[in-house]
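Next comes upload_6.txt, with compact mmCIF, C-alpha atoms and all ligand atoms.
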```txt
# COMPACT_ATOMS: atom_id res chain seq x y z
CA MET C 1 22.55 -47.53 -143.15
CA GLY C 2 20.38 -47.24 -140.08
CA VAL C 3 18.62 -50.16 -138.50
CA ASP C 4 15.30 -51.40 -139.95
CA ARG C 5 12.67 -49.32 -138.22
CA PHE C 6 9.26 -50.33 -139.56
CA ASP C 7 8.14 -53.92 -139.46
CA GLY C 8 4.39 -54.15 -140.00
CA LYS C 9 3.09 -53.19 -136.57
CA GLU C 10 2.78 -49.62 -137.78
CA ILE C 11 0.54 -50.67 -140.70
CA GLU C 12 -1.62 -52.78 -138.39
CA TYR C 13 -2.24 -49.79 -136.09
CA LEU C 14 -2.77 -47.37 -138.99
CA GLN C 15 -5.38 -49.67 -140.50
CA GLN C 16 -7.25 -49.70 -137.17
CA ILE C 17 -7.37 -45.89 -137.29
CA LEU C 18 -8.65 -45.79 -140.86
CA ASP C 19 -11.27 -48.40 -139.95
CA SER C 20 -12.38 -46.23 -137.01
CA GLY C 21 -12.77 -43.16 -139.25
CA ASN C 22 -11.31 -40.95 -136.49
CA LEU C 23 -7.95 -39.44 -137.42
CA ALA C 24 -7.50 -36.91 -134.60
CA ALA C 25 -7.42 -36.79 -130.80
CA GLY C 26 -8.60 -40.34 -130.31
CA SER C 27 -7.56 -43.44 -128.47
CA PHE C 28 -4.12 -43.86 -130.05
CA VAL C 29 -2.93 -40.47 -128.78
CA SER C 30 -4.16 -41.36 -125.26
CA ARG C 31 -2.57 -44.79 -125.49
CA LEU C 32 0.76 -43.34 -126.56
CA GLU C 33 0.64 -40.80 -123.71
CA THR C 34 -0.23 -43.51 -121.17
CA GLU C 35 2.44 -45.92 -122.38
CA PHE C 36 5.10 -43.23 -122.65
CA ALA C 37 4.32 -42.07 -119.08
CA ALA C 38 4.50 -45.68 -117.86
CA ALA C 39 7.81 -46.30 -119.66
CA TYR C 40 9.29 -43.22 -117.98
CA GLY C 41 7.56 -43.74 -114.60
CA VAL C 42 6.02 -40.26 -114.66
CA LYS C 43 2.55 -38.95 -113.90
CA HIS C 44 1.89 -37.02 -117.10
CA ALA C 45 2.91 -37.38 -120.74
CA ILE C 46 1.54 -34.82 -123.19
CA ALA C 47 1.80 -35.51 -126.91
CA ALA C 48 2.11 -32.81 -129.56
CA ASN C 49 2.85 -32.37 -133.26
CA ALA C 50 6.53 -31.52 -132.61
CA ALA C 51 9.04 -31.06 -129.80
CA MET C 52 9.38 -27.44 -130.88
CA SER C 53 5.67 -26.90 -130.13
CA LEU C 54 6.25 -28.37 -126.68
CA LEU C 55 9.29 -26.19 -126.01
CA ILE C 56 7.11 -23.15 -126.82
CA SER C 57 4.35 -24.52 -124.55
CA THR C 58 6.67 -25.43 -121.68
CA VAL C 59 8.21 -21.95 -121.64
CA TYR C 60 4.65 -20.68 -121.23
CA ALA C 61 3.97 -23.29 -118.52
CA ALA C 62 7.10 -22.12 -116.67
CA GLY C 63 5.56 -18.67 -116.48
CA ALA C 64 8.07 -16.96 -118.78
CA GLY C 65 6.80 -14.13 -120.95
CA ALA C 66 7.67 -10.56 -121.91
CA GLY C 67 10.42 -9.16 -119.72
CA ASP C 68 11.52 -12.58 -118.39
CA GLU C 69 14.68 -14.53 -119.10
CA VAL C 70 15.07 -18.17 -120.08
CA LEU C 71 18.56 -19.57 -119.51
CA CYS C 72 19.78 -21.80 -122.36
CA ASP C 73 22.95 -23.65 -123.39
CA PRO C 74 24.60 -22.37 -126.57
CA VAL C 75 25.45 -25.31 -128.86
CA VAL C 76 21.94 -25.52 -130.36
CA GLN C 77 19.11 -22.99 -130.49
CA PHE C 78 15.75 -24.79 -130.22
CA HIS C 79 15.02 -23.91 -126.56
CA ALA C 80 15.93 -20.26 -127.16
CA ILE C 81 13.50 -20.14 -130.09
CA GLY C 82 10.87 -21.51 -127.70
CA ALA C 83 11.66 -18.59 -125.40
CA LEU C 84 11.33 -16.07 -128.25
CA TRP C 85 7.90 -17.44 -129.13
CA GLN C 86 6.77 -16.47 -125.62
CA ASN C 87 8.40 -13.05 -125.99
CA ALA C 88 10.93 -14.05 -123.33
CA HIS C 89 14.61 -13.12 -123.48
CA PRO C 90 17.06 -16.02 -124.03
CA THR C 91 20.21 -15.82 -121.90
CA TRP C 92 23.09 -18.28 -121.97
CA ALA C 93 25.06 -20.55 -119.66
CA ASP C 94 28.35 -22.01 -120.88
CA VAL C 95 29.01 -25.71 -121.49
CA GLN C 96 31.61 -28.00 -119.93
CA ALA C 97 34.78 -28.44 -121.99
CA ASP C 98 34.76 -32.25 -121.80
CA THR C 99 31.06 -33.05 -122.43
CA TRP C 100 29.75 -30.01 -124.38
CA LEU C 101 26.79 -29.93 -121.92
CA MET C 102 25.42 -27.11 -119.74
CA ASP C 103 27.77 -26.29 -116.88
CA PRO C 104 25.82 -26.03 -113.57
CA ALA C 105 28.32 -23.47 -112.22
CA SER C 106 27.73 -21.24 -115.24
CA ALA C 107 23.96 -21.77 -114.95
CA LYS C 108 24.10 -20.62 -111.34
CA ALA C 109 26.20 -17.58 -112.24
CA ASN C 110 23.78 -16.53 -114.98
CA ILE C 111 20.52 -16.71 -113.03
CA THR C 112 19.04 -13.26 -112.46
CA PRO C 113 15.85 -12.05 -110.76
CA SER C 114 14.25 -12.11 -114.24
CA THR C 115 15.02 -15.81 -114.92
CA LYS C 116 11.91 -17.99 -115.04
CA ALA C 117 13.32 -21.19 -116.54
CA ILE C 118 16.52 -23.07 -117.29
CA ILE C 119 16.44 -25.25 -120.40
CA ALA C 120 19.35 -27.67 -120.74
CA THR C 121 19.86 -29.77 -123.86
CA ASN C 122 20.92 -33.38 -123.33
CA LEU C 123 22.92 -32.93 -126.47
CA TRP C 124 23.56 -35.75 -128.95
CA GLY C 125 22.59 -38.54 -126.60
CA GLN C 126 24.43 -37.59 -123.42
CA PRO C 127 22.98 -36.22 -120.17
CA ALA C 128 24.05 -32.96 -118.55
CA GLU C 129 24.67 -32.94 -114.78
CA LEU C 130 20.95 -33.09 -114.22
CA ASP C 131 20.94 -33.37 -110.42
CA ALA C 132 23.20 -30.32 -110.09
CA LEU C 133 21.11 -28.34 -112.61
CA ARG C 134 17.90 -29.27 -110.80
CA LYS C 135 19.44 -27.99 -107.58
CA VAL C 136 20.40 -24.68 -109.23
CA ALA C 137 16.81 -24.36 -110.49
CA ASP C 138 15.23 -25.30 -107.15
CA ASP C 139 17.51 -22.96 -105.19
CA SER C 140 16.44 -20.11 -107.48
CA LYS C 141 12.79 -21.19 -107.67
CA VAL C 142 12.81 -21.46 -111.46
CA VAL C 143 11.49 -24.26 -113.65
CA PHE C 144 14.06 -26.70 -115.02
CA ILE C 145 13.17 -28.02 -118.50
CA GLU C 146 15.25 -30.72 -120.17
CA ASP C 147 15.38 -30.75 -123.95
CA CYS C 148 15.57 -34.50 -124.56
CA ALA C 149 15.19 -34.40 -128.34
CA HIS C 150 18.44 -36.43 -128.55
CA ALA C 151 18.00 -38.30 -125.30
CA MET C 152 15.52 -41.15 -125.58
CA PHE C 153 15.67 -43.58 -122.63
CA LEU C 154 18.94 -42.04 -121.53
CA PRO C 155 19.90 -43.00 -117.96
CA TYR C 156 21.48 -40.56 -115.55
CA LYS C 157 22.25 -41.70 -112.00
CA GLY C 158 19.43 -44.26 -111.95
CA LYS C 159 16.67 -42.20 -113.59
CA TYR C 160 15.97 -41.25 -117.17
CA ALA C 161 16.98 -37.86 -118.58
CA GLY C 162 13.79 -35.85 -118.81
CA THR C 163 12.63 -36.88 -115.34
CA TRP C 164 15.26 -34.87 -113.42
CA GLY C 165 13.78 -31.62 -114.67
CA HIS C 166 10.33 -30.33 -113.78
CA ILE C 167 9.58 -31.05 -117.45
CA GLY C 168 11.27 -33.17 -120.13
CA VAL C 169 10.62 -32.74 -123.87
CA TYR C 170 11.25 -35.48 -126.46
CA SER C 171 11.20 -35.26 -130.25
CA PHE C 172 9.85 -37.85 -132.68
CA CYS C 173 10.82 -36.02 -135.85
CA GLN C 174 12.44 -37.94 -138.69
CA GLY C 175 16.00 -38.75 -137.72
CA LYS C 176 15.42 -39.07 -133.98
CA HIS C 177 15.69 -42.29 -131.92
CA MET C 178 12.01 -43.01 -132.49
CA THR C 179 10.06 -41.25 -135.19
CA THR C 180 6.46 -40.48 -136.04
CA GLY C 181 7.53 -38.31 -139.00
CA ASP C 182 7.02 -35.30 -136.76
CA GLY C 183 5.88 -35.31 -133.17
CA GLY C 184 6.93 -34.85 -129.58
CA MET C 185 6.13 -35.62 -125.96
CA ALA C 186 6.47 -33.63 -122.75
CA VAL C 187 6.67 -35.43 -119.40
CA THR C 188 6.18 -34.05 -115.91
CA ASP C 189 5.11 -35.16 -112.43
CA ASP C 190 3.65 -31.73 -111.71
CA ASP C 191 -0.16 -31.51 -112.14
CA ASP C 192 -0.15 -27.74 -112.54
CA LEU C 193 2.62 -27.70 -115.17
CA ALA C 194 0.87 -30.53 -117.05
CA ALA C 195 -2.40 -28.60 -117.10
CA ARG C 196 -0.65 -25.44 -118.27
CA ILE C 197 1.14 -27.28 -121.10
CA ARG C 198 -2.12 -28.90 -122.24
CA SER C 199 -3.99 -25.62 -122.06
CA VAL C 200 -1.85 -24.04 -124.77
CA THR C 201 -1.10 -27.04 -126.99
CA CYS C 202 -4.72 -27.68 -127.82
CA PHE C 203 -7.24 -25.02 -128.76
CA GLY C 204 -10.68 -25.66 -127.24
CA GLU C 205 -14.12 -24.15 -127.85
CA SER C 206 -13.18 -21.00 -125.98
CA PRO C 207 -9.59 -21.14 -124.68
CA PRO C 208 -8.97 -19.41 -121.34
CA GLN C 209 -5.65 -18.07 -122.70
CA LEU C 210 -3.79 -17.81 -125.97
CA ALA C 211 -3.69 -21.37 -127.30
CA THR C 212 -3.03 -22.97 -130.62
CA VAL C 213 -3.32 -26.31 -132.35
CA PHE C 214 -0.23 -28.33 -131.57
CA ARG C 215 -2.18 -31.60 -131.51
CA MET C 216 -0.66 -34.92 -132.47
CA THR C 217 -2.72 -36.88 -134.99
CA GLU C 218 -3.87 -40.47 -134.49
CA MET C 219 -1.57 -41.57 -137.33
CA GLN C 220 1.49 -40.11 -135.61
CA ALA C 221 0.45 -41.76 -132.32
CA ALA C 222 -0.07 -45.14 -134.01
CA ILE C 223 3.44 -45.09 -135.43
CA GLY C 224 4.73 -43.80 -132.09
CA LEU C 225 3.16 -46.72 -130.23
CA ALA C 226 4.79 -49.21 -132.59
CA GLN C 227 8.13 -47.39 -132.33
CA LEU C 228 7.98 -47.19 -128.53
CA GLU C 229 7.93 -50.99 -128.42
CA LYS C 230 11.19 -51.11 -130.39
CA VAL C 231 13.24 -48.03 -129.59
CA LYS C 232 15.32 -49.54 -126.76
CA GLY C 233 16.49 -52.18 -129.26
CA TYR C 234 17.61 -49.48 -131.71
CA ILE C 235 19.50 -47.71 -128.93
CA GLU C 236 21.39 -50.91 -128.08
CA GLU C 237 22.47 -51.20 -131.71
CA TYR C 238 23.57 -47.54 -131.76
CA GLN C 239 25.61 -48.15 -128.60
CA LYS C 240 27.53 -50.85 -130.45
CA ALA C 241 28.05 -48.39 -133.31
CA TYR C 242 29.29 -45.76 -130.82
CA ALA C 243 31.81 -48.24 -129.39
CA GLN C 244 33.18 -48.92 -132.89
CA LEU C 245 33.59 -45.20 -133.63
CA SER C 246 35.13 -44.48 -130.22
CA ALA C 247 37.67 -47.26 -130.67
CA ALA C 248 38.86 -45.60 -133.88
CA LEU C 249 40.07 -42.57 -131.85
CA GLU C 250 42.22 -44.65 -129.51
CA GLY C 251 45.92 -43.86 -129.70
CA CYS C 252 45.47 -40.55 -131.53
CA ASP C 253 46.83 -37.72 -129.37
CA TRP C 254 45.48 -34.83 -131.44
CA VAL C 255 41.77 -35.49 -130.99
CA GLN C 256 39.72 -35.04 -127.83
CA PRO C 257 37.06 -37.72 -127.34
CA ARG C 258 33.82 -36.59 -125.72
CA ALA C 259 33.71 -37.63 -122.05
CA ILE C 260 30.96 -39.83 -120.68
CA LYS C 261 31.07 -39.24 -116.95
CA GLU C 262 30.32 -41.53 -114.00
CA GLY C 263 26.59 -42.21 -113.69
CA CYS C 264 25.86 -41.11 -117.26
CA GLY C 265 24.35 -43.37 -119.89
CA ASN C 266 24.61 -42.88 -123.64
CA SER C 267 21.77 -42.98 -126.18
CA PRO C 268 23.94 -42.42 -129.24
CA TYR C 269 22.67 -39.81 -131.69
CA ILE C 270 25.59 -37.83 -133.11
CA PHE C 271 29.13 -39.10 -132.52
CA SER C 272 31.30 -36.09 -131.71
CA PHE C 273 34.92 -35.41 -130.84
CA LEU C 274 37.20 -32.37 -130.97
CA PHE C 275 39.97 -31.67 -133.47
CA ARG C 276 43.09 -30.50 -131.61
CA GLY C 277 45.53 -31.12 -134.46
CA ASP C 278 46.51 -27.44 -134.66
CA GLU C 279 48.06 -27.84 -131.20
CA LYS C 280 50.30 -30.62 -132.63
CA GLY C 281 51.14 -29.15 -136.02
CA ILE C 282 48.42 -30.98 -137.97
CA GLU C 283 46.41 -28.96 -140.45
CA ARG C 284 42.67 -28.94 -140.16
CA GLU C 285 42.31 -28.80 -143.97
CA ALA C 286 44.39 -31.98 -144.35
CA PHE C 287 42.16 -33.80 -141.86
CA GLU C 288 39.04 -32.41 -143.49
CA GLN C 289 40.22 -33.67 -146.90
CA ALA C 290 41.12 -37.09 -145.49
CA LEU C 291 37.66 -37.37 -143.90
CA PHE C 292 36.01 -36.26 -147.15
CA GLU C 293 37.86 -39.01 -149.00
CA THR C 294 36.30 -41.68 -146.76
CA GLY C 295 33.02 -41.03 -148.61
CA ASP C 296 31.17 -40.90 -145.29
CA LEU C 297 29.36 -37.82 -144.06
CA TRP C 298 31.45 -35.92 -141.53
CA ASN C 299 31.07 -32.33 -140.39
CA ILE C 300 33.86 -30.25 -138.89
CA GLY C 301 33.00 -27.20 -136.83
CA PHE C 302 29.23 -27.83 -136.58
CA THR C 303 27.69 -24.33 -136.85
CA GLN C 304 31.13 -22.71 -136.19
CA ALA C 305 29.68 -20.45 -133.48
CA PRO C 306 27.42 -20.55 -130.42
CA ALA C 307 23.72 -19.98 -130.97
CA TYR C 308 23.80 -16.55 -129.31
CA LYS C 309 25.77 -15.28 -132.31
CA TYR C 310 22.93 -16.13 -134.69
CA LYS C 311 21.18 -13.10 -136.16
CA LEU C 312 17.88 -14.41 -134.83
CA PHE C 313 19.08 -13.44 -131.35
CA THR C 314 21.51 -10.59 -132.00
CA GLU C 315 18.98 -8.66 -134.06
CA PRO C 316 15.42 -8.04 -132.91
CA MET C 317 13.83 -9.79 -135.88
CA ALA C 318 11.44 -12.07 -133.98
CA TYR C 319 8.65 -9.50 -133.68
CA GLN C 320 8.90 -7.47 -136.92
CA ASN C 321 12.08 -5.65 -135.86
CA LYS C 322 10.26 -3.71 -133.18
CA GLY C 323 12.87 -4.42 -130.52
CA CYS C 324 11.14 -7.24 -128.64
CA PRO C 325 12.15 -9.20 -126.75
CA THR C 326 15.94 -8.75 -126.82
CA HIS C 327 16.38 -5.09 -127.78
CA ASN C 328 14.51 -2.12 -126.32
CA CYS C 329 11.67 -4.25 -124.99
CA PRO C 330 9.69 -1.99 -122.64
CA TYR C 331 9.07 -4.91 -120.28
CA TYR C 332 12.68 -6.09 -120.08
CA LYS C 333 14.55 -4.55 -117.15
CA GLY C 334 17.85 -6.44 -117.52
CA ASP C 335 20.90 -5.18 -119.41
CA TYR C 336 21.92 -8.40 -121.11
CA GLU C 337 24.37 -7.94 -123.94
CA TYR C 338 24.78 -10.43 -126.82
CA ARG C 339 28.56 -10.11 -127.07
CA ASP C 340 31.49 -12.29 -128.03
CA GLY C 341 32.97 -14.13 -125.08
CA LEU C 342 29.62 -14.77 -123.40
CA CYS C 343 30.34 -18.53 -123.27
CA PRO C 344 34.10 -18.90 -123.84
CA THR C 345 34.14 -22.71 -123.68
CA ALA C 346 31.42 -23.05 -126.30
CA GLU C 347 33.23 -20.53 -128.51
CA GLU C 348 36.45 -22.51 -128.22
CA ILE C 349 35.06 -26.00 -128.80
CA ILE C 350 32.27 -25.59 -131.40
CA PRO C 351 34.62 -24.88 -134.34
CA ARG C 352 36.64 -27.95 -133.29
CA MET C 353 33.71 -30.39 -133.28
CA VAL C 354 33.96 -33.34 -135.65
CA ASN C 355 30.55 -34.98 -135.99
CA THR C 356 28.85 -37.85 -137.74
CA ASN C 357 25.53 -39.62 -137.38
CA CYS C 358 25.73 -42.46 -134.87
CA MET C 359 22.25 -43.91 -135.41
CA ILE C 360 23.67 -46.59 -137.65
CA SER C 361 24.05 -50.35 -137.45
CA GLU C 362 27.18 -51.83 -135.93
CA GLU C 363 28.13 -53.20 -139.36
CA THR C 364 27.96 -49.74 -140.93
CA ALA C 365 29.86 -48.29 -137.97
CA LYS C 366 32.72 -50.75 -138.51
CA ARG C 367 33.17 -49.39 -142.02
CA VAL C 368 32.87 -45.73 -140.92
CA ALA C 369 35.36 -46.39 -138.09
CA GLU C 370 37.84 -47.90 -140.52
CA GLY C 371 37.58 -44.80 -142.71
CA LEU C 372 38.08 -42.59 -139.64
CA ARG C 373 41.20 -44.55 -138.63
CA LYS C 374 42.66 -44.10 -142.09
CA ALA C 375 41.82 -40.37 -142.12
CA LEU C 376 43.55 -39.89 -138.76
CA GLU C 377 46.58 -41.76 -140.03
CA THR C 378 46.75 -39.84 -143.32
CA ALA C 379 46.34 -36.41 -141.71
CA GLY C 380 48.76 -37.38 -138.91
CA LYS C 381 51.51 -38.13 -141.46
CA GLY C 382 51.10 -34.59 -142.83
C1 LIG D 1 17.90 -30.41 -129.46
C2 LIG D 1 16.62 -30.29 -130.23
N1 LIG D 1 15.55 -29.75 -129.63
C3 LIG D 1 14.37 -29.63 -130.27
C4 LIG D 1 14.23 -30.02 -131.57
C5 LIG D 1 12.93 -29.82 -132.27
O1 LIG D 1 12.33 -31.05 -132.53
P1 LIG D 1 11.07 -31.15 -133.48
O2 LIG D 1 11.57 -31.22 -134.87
O3 LIG D 1 10.37 -32.39 -133.04
O4 LIG D 1 10.25 -29.95 -133.24
C6 LIG D 1 15.30 -30.60 -132.24
C7 LIG D 1 15.16 -31.03 -133.66
O5 LIG D 1 16.07 -31.42 -134.33
C8 LIG D 1 16.54 -30.74 -131.56
O6 LIG D 1 17.60 -31.27 -132.18
```
Let's see the structure in the file written out as structure tokens.
Ligand SMILES: Cc1ncc(COP(=O)(O)O)c(C=O)c1O
Amino acid sequence: MGVDRFDGKEIEYLQQILDSGNLAAGSFVSRLETEFAAAYGVKHAIAANAAMSLLISTVYAAGAGAGDEVLCDPVVQFHAIGALWQNAHPTWADVQADTWLMDPASAKANITPSTKAIIATNLWGQPAELDALRKVADDSKVVFIEDCAHAMFLPYKGKYAGTWGHIGVYSFCQGKHMTTGDGGMAVTDDDDLAARIRSVTCFGESPPQLATVFRMTEMQAAIGLAQLEKVKGYIEEYQKAYAQLSAALEGCDWVQPRAIKEGCGNSPYIFSFLFRGDEKGIEREAFEQALFETGDLWNIGFTQAPAYKYKLFTEPMAYQNKGCPTHNCPYYKGDYEYRDGLCPTAEEIIPRMVNTNCMISEETAKRVAEGLRKALETAGKG
């Protein structure tokens, strides 16, 4: 069970919208933007119908288009899909072996003259080394975008994740820290980037460039406003749940807990650790079976492979198999190859990932942790 999320405030706001008769682009969207910006201490917050829409828009805002590269991390694929939508070429930086987050050294090594943006995912509630990544971006004069879909109010060295980058993007889809059903928010302190994001997320009378309708509705904003008042409370509960699950790993020498480094907060989303039983003579299948028998939902191996091995990237299917943007694109001057071994750390750790939802109450977590303890014991006995 998760925590109770809706308590009447949402209905009160929704009724005000119905009474007003205005369901789109009204005062609730502006209020949500203003309050979100205030909560994050940033100049601009731009609401949209989904984080994905904002990733597409922020790649545009960063100036990336046909022939340009967007550097991504390889555990998930959302940012790279955003790049494809702008006809830009996704390239990949490896992750760190202890946090599963973008490695600044690999980011630096993979910047080329064609790179226009770095997009790092603050994966499953933990921040990447955002100061180091910002420096890599600034040194190379590229835009640093943080995908904060899993990183609501996540502190890193005294500031929130999403405010270290030139742009931060949050998701409010179902199953995120705060939800509006679907929805998202981009934050930035840069006036020009803010204007460029807005210019493509909302189609006007006669748009100056290719724009679409990524607008958030008043109903989404109303629920968002109510959720924004409560989300820090949910995160505190999830932190207690995370502590319960972490404690269950203590004393087991064939799992690798995920590191939370100095200066990094934790907004728990997915609880993740690595299976290293094969290095100690413990069979993965035995552990898998023991986890299955707990009755709780666990996943081993996540997607089994880094995102750059997905067909969407290895085959030029994004633009009707015509070669763009990753194969035979006439604008692309690089010679990037989608090959095995591109990000060796990601390739090694992804199949070892053991994941479960951590947005649960502490009470539920106690039960899940007990099941995990038993599964470790059972598999450990062989
Ligand atoms: C890391 C990450 N980025 C972006 C998205 C896209 O979010 P949305 O569904 O709001 O478009 C998701 C959705 O799950 C996500 O997990």
Go ahead and compute the interatomic distance for atom CA of Gly281 of chain C and atom CA of Pro306 of chain C, in Å to one decimal.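 Answer for the atom CA of Gly281 of chain C to atom CA of Pro306 of chain C separation: 25.8 Å.
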Polymer residues at most 12 Å from segment 12-15 of chain C, only C-alpha atoms, same-chain spacing of 5 or more positions, as number ranges by chain: C: 6-7, 20-23, 27-29, 31-32, 180, 217-227
From the list C:Ser267, C:Gln126, C:Thr115, C:Ser171, which residue is nearest ligand LIG 1 (chain D) when using all atoms listed in the file? C:Ser171
For Tyr332 of chain C, work out the shell of residues within 12 Å, counting only C-alpha atoms and skipping chain neighbours fewer than 5 positions away, then give it as a PyMOL selection string. chain C and resi 64-69+87-90+113-115+323-327
Generate the output file for the selected residues, C-alpha atoms, as a tab-separated table (two decimals), keeping the file's coordinate frame.
```
chain	number	residue	atom	x	y	z
C	64	ALA	CA	8.07	-16.96	-118.78
C	65	GLY	CA	6.80	-14.13	-120.95
C	66	ALA	CA	7.67	-10.56	-121.91
C	67	GLY	CA	10.42	-9.16	-119.72
C	68	ASP	CA	11.52	-12.58	-118.39
C	69	GLU	CA	14.68	-14.53	-119.10
C	87	ASN	CA	8.40	-13.05	-125.99
C	88	ALA	CA	10.93	-14.05	-123.33
C	89	HIS	CA	14.61	-13.12	-123.48
C	90	PRO	CA	17.06	-16.02	-124.03
C	113	PRO	CA	15.85	-12.05	-110.76
C	114	SER	CA	14.25	-12.11	-114.24
C	115	THR	CA	15.02	-15.81	-114.92
C	323	GLY	CA	12.87	-4.42	-130.52
C	324	CYS	CA	11.14	-7.24	-128.64
C	325	PRO	CA	12.15	-9.20	-126.75
C	326	THR	CA	15.94	-8.75	-126.82
C	327	HIS	CA	16.38	-5.09	-127.78
```
Would you list the contacts of Ala186 of chain C as a list of chain:residue names, taking every protein, DNA or RNA residue within 8 Å and counting all atoms listed in the file, but skipping same-chain residues closer than 2 positions in sequence?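 Surrounding residues, per the criterion: C:Ala45, C:Ile46, C:Ala47, C:Ala51, C:Leu54, C:Ile167, C:Gly168, C:Val169, C:Tyr170, C:Gly184, C:Thr188.
Distance annotation: of C:Ala83, C:Leu154, C:Ala307, C:Met185, the residue with the minimal separation from ligand LIG 1 (chain D) is C:Met185; atom set is all atoms listed in the file.
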Compile the contact shell of Pro351 of chain C as a PyMOL selection string: residues with an atom at most 9 Å away, counting only C-alpha atoms, same-chain residues fewer than 4 positions apart removed. chain C and resi 274-275+300-305+346-347
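Atom CA of Asn266 of chain C is found 7.3 Å from atom CA of Gln239 of chain C.
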At most 10 Å from ligand LIG 1 (chain D) (only C-alpha atoms and all ligand atoms): residue list as JSON, numbers by chain: {"C": [48, 49, 50, 51, 52, 53, 54, 55, 56, 75, 76, 77, 78, 79, 80, 81, 82, 120, 121, 122, 123, 124, 125, 146, 147, 148, 149, 150, 151, 169, 170, 171, 172, 173, 174, 175, 176, 179, 180, 181, 182, 183, 184, 185, 269]}
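The interatomic distance for the pair atom CA of Lys240 of chain C and atom CA of Trp164 of chain C works out to 26.4 Å.
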Can you tell me which residues surround Ala241 of chain C at a distance of at most 8 Å, considering all atoms listed in the file, apart from same-chain residues fewer than 6 positions away, and format the answer as a VMD selection string? chain C and resid 358 to 366
Nearest to Met216 of chain C by atom-to-atom distance, counting all atoms listed in the file, from C:Leu130, C:Ser140, C:Gly26, C:Asp103: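 Distance minimum relative to Met216 of chain C lands on C:Gly26.
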Using all atoms listed in the file, pick whichever of C:Ile145, C:Val255, C:Ile197, C:Pro74 has the shortest atom-to-atom distance to Tyr310 of chain C.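 Smallest separation from Tyr310 of chain C among the options: C:Pro74.
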Dump as a list in words all residues having an atom at most 9 Å from (0.2, -24.8, -134.0), computed in the file's coordinates with only C-alpha atoms. Asn49, Ser53, Thr201, Cys202, Ala211, Thr212, Val213, Phe214 and Arg215 of chain C
Given the point (4.1, -46.5, -120.7) in the file's coordinates, find the residues that have an atom at most 12 Å from it, counting only C-alpha atoms, and give them as a tab-separated table (two decimals) with C-alpha atoms, in the frame of the given file.
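What ended up in point.tsv:
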```tsv
chain	number	residue	atom	x	y	z
C	30	SER	CA	-4.16	-41.36	-125.26
C	31	ARG	CA	-2.57	-44.79	-125.49
C	32	LEU	CA	0.76	-43.34	-126.56
C	33	GLU	CA	0.64	-40.80	-123.71
C	34	THR	CA	-0.23	-43.51	-121.17
C	35	GLU	CA	2.44	-45.92	-122.38
C	36	PHE	CA	5.10	-43.23	-122.65
C	37	ALA	CA	4.32	-42.07	-119.08
C	38	ALA	CA	4.50	-45.68	-117.86
C	39	ALA	CA	7.81	-46.30	-119.66
C	40	TYR	CA	9.29	-43.22	-117.98
C	41	GLY	CA	7.56	-43.74	-114.60
C	42	VAL	CA	6.02	-40.26	-114.66
C	43	LYS	CA	2.55	-38.95	-113.90
C	44	HIS	CA	1.89	-37.02	-117.10
C	45	ALA	CA	2.91	-37.38	-120.74
C	187	VAL	CA	6.67	-35.43	-119.40
C	224	GLY	CA	4.73	-43.80	-132.09
C	225	LEU	CA	3.16	-46.72	-130.23
C	228	LEU	CA	7.98	-47.19	-128.53
C	229	GLU	CA	7.93	-50.99	-128.42
```
